[in-house]
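Below is one structure, written out as structure tokens, with a few remarks after it.
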Amino acid sequence: MPLAEVAYLGVPFDGGCSFRPGARFGPGAIRQASRNLRTQWHPAYETAPFDDHQAADAGDVSCSPFCIGDALTTIEVTADEVLTRAKAVVSLGGDHTIALPLLRSVNKIHGPVALLHIDAHLDTWDTYFGAPHTHGTPFRRAAEEKLYLQDCSVHVGIRGPLYSKLDLERDAALGFMVIHCDEFTTRGIADIAARIKGRIGDRPVYLSIDIDSLDPSAAPGTGTPEVAGMTSREMLLLLRALQGMQFVGADIVEVSPAYDHAEITSLAAATIAYEQTMLLLKSRMAMARKLKAPESK
């Protein structure tokens, strides 16, 4: 059976939420909203992505809504299986807890990856209410398991109050560079994209996006909204400015449709998933060209 270039994997899990639940219904809402997308030709990338590349919907992970540990194992095993039939996966969450088993799965193929994390929150806290696996802790656990490259990973879009002034110091000890959301105004998208590319370079990169990186006016349907976020235009322009990087996997998480209005959050997430697809396909195409290029003498 030929490999799909990209598979979409729904992960309907929200057992790690600390505030408003409902992200288990995110995958279905994202798929529903994706009917509005026109995917035949993408002007920003000047390509018809699915003319020459196969994409497939791998369905949803059948994960436990009761036991976080069991759910994480099931997510990892399912992602492993999908990656035997697809070269890359775009995962539709689900809360951000799911990023940990997805990173574990990607590591089995690529080893530790650069982590590009676009979110309002750091998600590197140690525990919530004593629980080590929640949507606020996946990247602390990922650091402990050495799943990402600590000298070339980035948080983008961070904003809002913190639990302690030590939060940023503890996060820095895990190797992240932090780009605050205010910098989209003070420094601009081109500068931010250049800094991301400069830090990550040509390393394989996993792109994890929390929909709450967008302002609540653009994405109200999420569990932990934060004001003063990115616009949907800023998000798309940033992603398009990251062409040329070696993306190997991606997720879009924290869509909670019960709090949405007129599907605007779901549509934003579906559009982001499409942009993530384009970045993955561009990466695959660039790698294929590099392998075919004759060695210089």
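By order of appearance in the structure tokens: chains A, B, ..., then residues from 1 within every chain, and ligands from 1 in the order shown.
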
Would you kindly return, as JSON, numbers by chain, each protein, DNA or RNA residue with an atom no farther than 8 Å from any atom of His53 (chain A), considering only C-alpha atoms and excluding same-chain residues fewer than 4 positions away?
{"A": [4, 5, 49, 281]}

All residues 12 Å or closer to Arg195 (chain A), only C-alpha atoms, same chain fewer than 4 positions away omitted, as a list in words
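After dropping sequence-adjacent residues, the list is Leu116, Cys152, Ser153, Val154, His155, Val156, Met177, Val178, Ile179, Glu183, Arg187, Gly188, Ile189, Ala190, Asp191, Arg199, Ile200, Gly201, Leu238, Ala241 and Leu242 of chain A.
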
Pull N, CA and C atoms from the residues just selected and write them as an mmCIF file, in the first residue's frame.
data_model
loop_
_atom_site.group_PDB
_atom_site.id
_atom_site.type_symbol
_atom_site.label_atom_id
_atom_site.label_comp_id
_atom_site.auth_asym_id
_atom_site.auth_seq_id
_atom_site.Cartn_x
_atom_site.Cartn_y
_atom_site.Cartn_z
ATOM 1 N N LEU A 116 8.346 23.774 17.951
ATOM 2 C CA LEU A 116 7.787 25.100 17.737
ATOM 3 C C LEU A 116 6.380 25.090 18.304
ATOM 4 N N CYS A 152 17.067 24.604 20.663
ATOM 5 C CA CYS A 152 16.513 25.201 19.439
ATOM 6 C C CYS A 152 14.995 25.102 19.392
ATOM 7 N N SER A 153 14.347 25.234 20.556
ATOM 8 C CA SER A 153 12.887 25.183 20.599
ATOM 9 C C SER A 153 12.319 26.521 21.041
ATOM 10 N N VAL A 154 11.081 26.790 20.640
ATOM 11 C CA VAL A 154 10.535 28.140 20.781
ATOM 12 C C VAL A 154 9.066 28.088 21.208
ATOM 13 N N HIS A 155 8.699 28.952 22.159
ATOM 14 C CA HIS A 155 7.301 29.281 22.430
ATOM 15 C C HIS A 155 6.971 30.574 21.680
ATOM 16 N N VAL A 156 5.825 30.638 21.046
ATOM 17 C CA VAL A 156 5.386 31.852 20.344
ATOM 18 C C VAL A 156 3.969 32.202 20.787
ATOM 19 N N MET A 177 13.200 29.383 23.925
ATOM 20 C CA MET A 177 13.158 30.818 23.678
ATOM 21 C C MET A 177 11.694 31.223 23.667
ATOM 22 N N VAL A 178 11.367 32.349 24.292
ATOM 23 C CA VAL A 178 9.985 32.809 24.383
ATOM 24 C C VAL A 178 9.803 34.059 23.530
ATOM 25 N N ILE A 179 8.823 34.028 22.634
ATOM 26 C CA ILE A 179 8.430 35.198 21.854
ATOM 27 C C ILE A 179 7.046 35.601 22.339
ATOM 28 N N GLU A 183 4.993 41.068 20.765
ATOM 29 C CA GLU A 183 6.026 41.308 19.761
ATOM 30 C C GLU A 183 5.474 41.279 18.334
ATOM 31 N N ARG A 187 7.494 44.185 17.029
ATOM 32 C CA ARG A 187 8.607 43.758 16.172
ATOM 33 C C ARG A 187 8.160 43.255 14.812
ATOM 34 N N GLY A 188 6.959 42.727 14.705
ATOM 35 C CA GLY A 188 6.430 42.333 13.404
ATOM 36 C C GLY A 188 6.676 40.875 13.052
ATOM 37 N N ILE A 189 5.890 40.391 12.088
ATOM 38 C CA ILE A 189 5.917 38.983 11.713
ATOM 39 C C ILE A 189 7.228 38.590 11.057
ATOM 40 N N ALA A 190 7.772 39.427 10.182
ATOM 41 C CA ALA A 190 9.014 39.072 9.486
ATOM 42 C C ALA A 190 10.151 38.867 10.483
ATOM 43 N N ASP A 191 10.225 39.738 11.481
ATOM 44 C CA ASP A 191 11.262 39.604 12.498
ATOM 45 C C ASP A 191 11.076 38.324 13.306
ATOM 46 N N ARG A 199 16.824 30.206 15.084
ATOM 47 C CA ARG A 199 17.017 29.322 16.239
ATOM 48 C C ARG A 199 16.900 27.839 15.863
ATOM 49 N N ILE A 200 15.962 27.514 14.984
ATOM 50 C CA ILE A 200 15.719 26.108 14.663
ATOM 51 C C ILE A 200 16.605 25.607 13.527
ATOM 52 N N GLY A 201 16.888 26.469 12.563
ATOM 53 C CA GLY A 201 17.744 26.072 11.453
ATOM 54 C C GLY A 201 17.124 24.964 10.620
ATOM 55 N N LEU A 238 2.348 34.266 9.699
ATOM 56 C CA LEU A 238 3.521 33.687 10.355
ATOM 57 C C LEU A 238 3.808 32.298 9.804
ATOM 58 N N ALA A 241 5.345 32.388 6.481
ATOM 59 C CA ALA A 241 6.716 32.896 6.526
ATOM 60 C C ALA A 241 7.709 31.827 6.976
ATOM 61 N N LEU A 242 7.208 30.693 7.450
ATOM 62 C CA LEU A 242 8.086 29.628 7.937
ATOM 63 C C LEU A 242 8.373 28.570 6.879
#

Near His180 (chain A), within 8 Å and counting only C-alpha atoms, which residues show up once chain neighbours fewer than 4 positions away are dropped, as JSON, numbers by chain?
{"A": [156, 157, 158, 159, 184]}

Atomic separation - CA of His261 (chain A) relative to CA of Ser208 (chain A), Å:
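Interatomic distance here is 23.8 Å.
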
Report as a PDB file with N, CA and C atoms, in the first residue's frame: the residues of region 41-191 of chain A with a DSSP assignment of strand (DSSP E or B), based on the backbone of this structure.
ATOM      1  N   HIS A  42      -3.571  26.711  -3.639  1.00  0.00           N
ATOM      2  CA  HIS A  42      -3.227  27.629  -2.550  1.00  0.00           C
ATOM      3  C   HIS A  42      -2.349  28.741  -3.115  1.00  0.00           C
ATOM      4  N   THR A  47       0.696  26.366  -5.339  1.00  0.00           N
ATOM      5  CA  THR A  47       0.672  24.934  -5.603  1.00  0.00           C
ATOM      6  C   THR A  47      -0.745  24.388  -5.442  1.00  0.00           C
ATOM      7  N   ALA A  55      -3.422  12.635   0.625  1.00  0.00           N
ATOM      8  CA  ALA A  55      -3.747  12.896   2.026  1.00  0.00           C
ATOM      9  C   ALA A  55      -4.908  11.992   2.415  1.00  0.00           C
ATOM     10  N   ALA A  56      -4.940  11.580   3.679  1.00  0.00           N
ATOM     11  CA  ALA A  56      -5.972  10.648   4.125  1.00  0.00           C
ATOM     12  C   ALA A  56      -6.441  11.018   5.523  1.00  0.00           C
ATOM     13  N   ASP A  57      -7.728  10.804   5.774  1.00  0.00           N
ATOM     14  CA  ASP A  57      -8.272  10.966   7.114  1.00  0.00           C
ATOM     15  C   ASP A  57      -8.169   9.619   7.819  1.00  0.00           C
ATOM     16  N   ALA A  58      -7.369   9.568   8.882  1.00  0.00           N
ATOM     17  CA  ALA A  58      -7.142   8.319   9.612  1.00  0.00           C
ATOM     18  C   ALA A  58      -8.188   8.075  10.696  1.00  0.00           C
ATOM     19  N   GLY A  59      -9.209   8.927  10.744  1.00  0.00           N
ATOM     20  CA  GLY A  59     -10.241   8.753  11.753  1.00  0.00           C
ATOM     21  C   GLY A  59      -9.793   9.250  13.118  1.00  0.00           C
ATOM     22  N   ASP A  60     -10.463   8.801  14.162  1.00  0.00           N
ATOM     23  CA  ASP A  60     -10.188   9.241  15.521  1.00  0.00           C
ATOM     24  C   ASP A  60      -9.549   8.134  16.352  1.00  0.00           C
ATOM     25  N   ALA A  86       1.574   6.642   6.656  1.00  0.00           N
ATOM     26  CA  ALA A  86       1.665   8.047   6.235  1.00  0.00           C
ATOM     27  C   ALA A  86       3.030   8.597   6.647  1.00  0.00           C
ATOM     28  N   VAL A  89       1.840  13.253  10.159  1.00  0.00           N
ATOM     29  CA  VAL A  89       0.495  13.329  10.724  1.00  0.00           C
ATOM     30  C   VAL A  89       0.199  14.751  11.169  1.00  0.00           C
ATOM     31  N   VAL A  90      -0.992  15.229  10.836  1.00  0.00           N
ATOM     32  CA  VAL A  90      -1.562  16.441  11.432  1.00  0.00           C
ATOM     33  C   VAL A  90      -2.650  15.962  12.390  1.00  0.00           C
ATOM     34  N   SER A  91      -2.446  16.191  13.681  1.00  0.00           N
ATOM     35  CA  SER A  91      -3.396  15.725  14.687  1.00  0.00           C
ATOM     36  C   SER A  91      -4.376  16.825  15.051  1.00  0.00           C
ATOM     37  N   LEU A  92      -5.649  16.442  15.161  1.00  0.00           N
ATOM     38  CA  LEU A  92      -6.721  17.374  15.493  1.00  0.00           C
ATOM     39  C   LEU A  92      -7.179  17.067  16.911  1.00  0.00           C
ATOM     40  N   GLY A  93      -6.880  18.013  17.856  1.00  0.00           N
ATOM     41  CA  GLY A  93      -7.240  17.767  19.249  1.00  0.00           C
ATOM     42  C   GLY A  93      -8.649  18.195  19.551  1.00  0.00           C
ATOM     43  N   VAL A 113      13.278  16.279  18.289  1.00  0.00           N
ATOM     44  CA  VAL A 113      12.985  17.291  17.275  1.00  0.00           C
ATOM     45  C   VAL A 113      13.004  18.681  17.899  1.00  0.00           C
ATOM     46  N   ALA A 114      13.184  19.686  17.067  1.00  0.00           N
ATOM     47  CA  ALA A 114      12.930  21.048  17.517  1.00  0.00           C
ATOM     48  C   ALA A 114      11.429  21.191  17.718  1.00  0.00           C
ATOM     49  N   LEU A 115      11.043  21.900  18.753  1.00  0.00           N
ATOM     50  CA  LEU A 115       9.625  22.076  19.069  1.00  0.00           C
ATOM     51  C   LEU A 115       9.246  23.537  18.871  1.00  0.00           C
ATOM     52  N   LEU A 116       8.346  23.774  17.951  1.00  0.00           N
ATOM     53  CA  LEU A 116       7.787  25.100  17.737  1.00  0.00           C
ATOM     54  C   LEU A 116       6.380  25.090  18.304  1.00  0.00           C
ATOM     55  N   HIS A 117       6.198  25.786  19.408  1.00  0.00           N
ATOM     56  CA  HIS A 117       4.968  25.729  20.197  1.00  0.00           C
ATOM     57  C   HIS A 117       4.304  27.103  20.157  1.00  0.00           C
ATOM     58  N   ILE A 118       3.147  27.197  19.506  1.00  0.00           N
ATOM     59  CA  ILE A 118       2.427  28.461  19.384  1.00  0.00           C
ATOM     60  C   ILE A 118       1.209  28.389  20.300  1.00  0.00           C
ATOM     61  N   TYR A 128      -0.677  19.976  37.833  1.00  0.00           N
ATOM     62  CA  TYR A 128      -1.907  20.677  38.203  1.00  0.00           C
ATOM     63  C   TYR A 128      -2.620  19.812  39.241  1.00  0.00           C
ATOM     64  N   ALA A 131      -1.430  16.451  39.554  1.00  0.00           N
ATOM     65  CA  ALA A 131      -1.471  15.564  38.384  1.00  0.00           C
ATOM     66  C   ALA A 131      -0.336  15.908  37.419  1.00  0.00           C
ATOM     67  N   TYR A 148      12.464  16.678  22.811  1.00  0.00           N
ATOM     68  CA  TYR A 148      12.736  17.822  21.943  1.00  0.00           C
ATOM     69  C   TYR A 148      14.141  18.356  22.204  1.00  0.00           C
ATOM     70  N   SER A 153      14.347  25.234  20.556  1.00  0.00           N
ATOM     71  CA  SER A 153      12.887  25.183  20.599  1.00  0.00           C
ATOM     72  C   SER A 153      12.319  26.521  21.041  1.00  0.00           C
ATOM     73  N   VAL A 154      11.081  26.790  20.640  1.00  0.00           N
ATOM     74  CA  VAL A 154      10.535  28.140  20.781  1.00  0.00           C
ATOM     75  C   VAL A 154       9.066  28.088  21.208  1.00  0.00           C
ATOM     76  N   HIS A 155       8.699  28.952  22.159  1.00  0.00           N
ATOM     77  CA  HIS A 155       7.301  29.281  22.430  1.00  0.00           C
ATOM     78  C   HIS A 155       6.971  30.574  21.680  1.00  0.00           C
ATOM     79  N   VAL A 156       5.825  30.638  21.046  1.00  0.00           N
ATOM     80  CA  VAL A 156       5.386  31.852  20.344  1.00  0.00           C
ATOM     81  C   VAL A 156       3.969  32.202  20.787  1.00  0.00           C
ATOM     82  N   GLY A 157       3.736  33.490  21.094  1.00  0.00           N
ATOM     83  CA  GLY A 157       2.390  33.953  21.410  1.00  0.00           C
ATOM     84  C   GLY A 157       2.068  34.002  22.884  1.00  0.00           C
ATOM     85  N   ILE A 158       3.070  33.771  23.732  1.00  0.00           N
ATOM     86  CA  ILE A 158       2.847  33.725  25.175  1.00  0.00           C
ATOM     87  C   ILE A 158       2.337  35.075  25.681  1.00  0.00           C
ATOM     88  N   PHE A 176      13.699  26.705  26.253  1.00  0.00           N
ATOM     89  CA  PHE A 176      12.863  27.425  25.298  1.00  0.00           C
ATOM     90  C   PHE A 176      13.265  28.886  25.151  1.00  0.00           C
ATOM     91  N   MET A 177      13.200  29.383  23.925  1.00  0.00           N
ATOM     92  CA  MET A 177      13.158  30.818  23.678  1.00  0.00           C
ATOM     93  C   MET A 177      11.694  31.223  23.667  1.00  0.00           C
ATOM     94  N   VAL A 178      11.367  32.349  24.292  1.00  0.00           N
ATOM     95  CA  VAL A 178       9.985  32.809  24.383  1.00  0.00           C
ATOM     96  C   VAL A 178       9.803  34.059  23.530  1.00  0.00           C
ATOM     97  N   ILE A 179       8.823  34.028  22.634  1.00  0.00           N
ATOM     98  CA  ILE A 179       8.430  35.198  21.854  1.00  0.00           C
ATOM     99  C   ILE A 179       7.046  35.601  22.339  1.00  0.00           C
ATOM    100  N   HIS A 180       6.985  36.747  23.008  1.00  0.00           N
ATOM    101  CA  HIS A 180       5.733  37.214  23.599  1.00  0.00           C
ATOM    102  C   HIS A 180       4.778  37.676  22.506  1.00  0.00           C
TER     103      HIS A 180
END

Residues of region 136-197 of chain A classed as alpha helix (DSSP H) by DSSP on the backbone are to be reported as a list in words.
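Selecting the alpha helix (DSSP H) positions of region 136-197 of chain A gives Pro138, Phe139, Arg140, Arg141, Ala142, Ala143, Glu144, Asp167, Leu168, Glu169, Arg170, Asp171, Ala172, Glu183, Phe184, Thr185, Thr186, Ile189, Ala190, Asp191, Ile192, Ala193, Ala194, Arg195, Ile196 and Lys197 of chain A.
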
Spatial neighbours of Thr134 (chain A), 7 Å, only C-alpha atoms, chain gap at least 2 places, as a list in words:
Gly16, Cys17, Thr97, Tyr128, Ala131, Pro132, Gly136, Thr137 and Pro138 of chain A

Would you work out the distance separating CA of Arg141 (chain A) from CA of Pro257 (chain A), expressed in Å to one decimal?
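It comes out at 27.6 Å.
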
Residues at most 12 Å from Cys67 (chain A), counting only C-alpha atoms, excluding those fewer than 5 positions away in the same chain, as a PDB file with N, CA and C atoms, in the first residue's frame?
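See result04.pdb below for the written result:
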ATOM      1  N   PHE A  13      -9.766  13.796  23.077  1.00  0.00           N
ATOM      2  CA  PHE A  13      -9.453  13.633  24.503  1.00  0.00           C
ATOM      3  C   PHE A  13      -9.392  14.996  25.182  1.00  0.00           C
ATOM      4  N   ASP A  14     -10.095  15.156  26.298  1.00  0.00           N
ATOM      5  CA  ASP A  14      -9.986  16.402  27.057  1.00  0.00           C
ATOM      6  C   ASP A  14      -9.919  16.139  28.562  1.00  0.00           C
ATOM      7  N   GLY A  15      -9.394  14.962  28.922  1.00  0.00           N
ATOM      8  CA  GLY A  15      -9.276  14.616  30.331  1.00  0.00           C
ATOM      9  C   GLY A  15      -8.193  15.366  31.065  1.00  0.00           C
ATOM     10  N   GLY A  16      -7.411  16.172  30.348  1.00  0.00           N
ATOM     11  CA  GLY A  16      -6.355  16.954  30.991  1.00  0.00           C
ATOM     12  C   GLY A  16      -6.689  18.418  31.153  1.00  0.00           C
ATOM     13  N   LEU A  72      -3.145   8.202  27.017  1.00  0.00           N
ATOM     14  CA  LEU A  72      -1.855   8.578  26.442  1.00  0.00           C
ATOM     15  C   LEU A  72      -1.216   7.388  25.725  1.00  0.00           C
ATOM     16  N   THR A  73      -1.316   6.218  26.309  1.00  0.00           N
ATOM     17  CA  THR A  73      -0.765   5.028  25.662  1.00  0.00           C
ATOM     18  C   THR A  73      -1.480   4.746  24.351  1.00  0.00           C
ATOM     19  N   THR A  74      -2.801   4.832  24.360  1.00  0.00           N
ATOM     20  CA  THR A  74      -3.577   4.557  23.148  1.00  0.00           C
ATOM     21  C   THR A  74      -3.265   5.565  22.049  1.00  0.00           C
ATOM     22  N   HIS A 133       0.142  14.733  34.276  1.00  0.00           N
ATOM     23  CA  HIS A 133      -0.226  14.735  32.865  1.00  0.00           C
ATOM     24  C   HIS A 133      -1.516  15.524  32.675  1.00  0.00           C
ATOM     25  N   THR A 134      -1.375  16.777  32.259  1.00  0.00           N
ATOM     26  CA  THR A 134      -2.497  17.672  32.003  1.00  0.00           C
ATOM     27  C   THR A 134      -2.164  18.509  30.781  1.00  0.00           C
TER      28      THR A 134
END
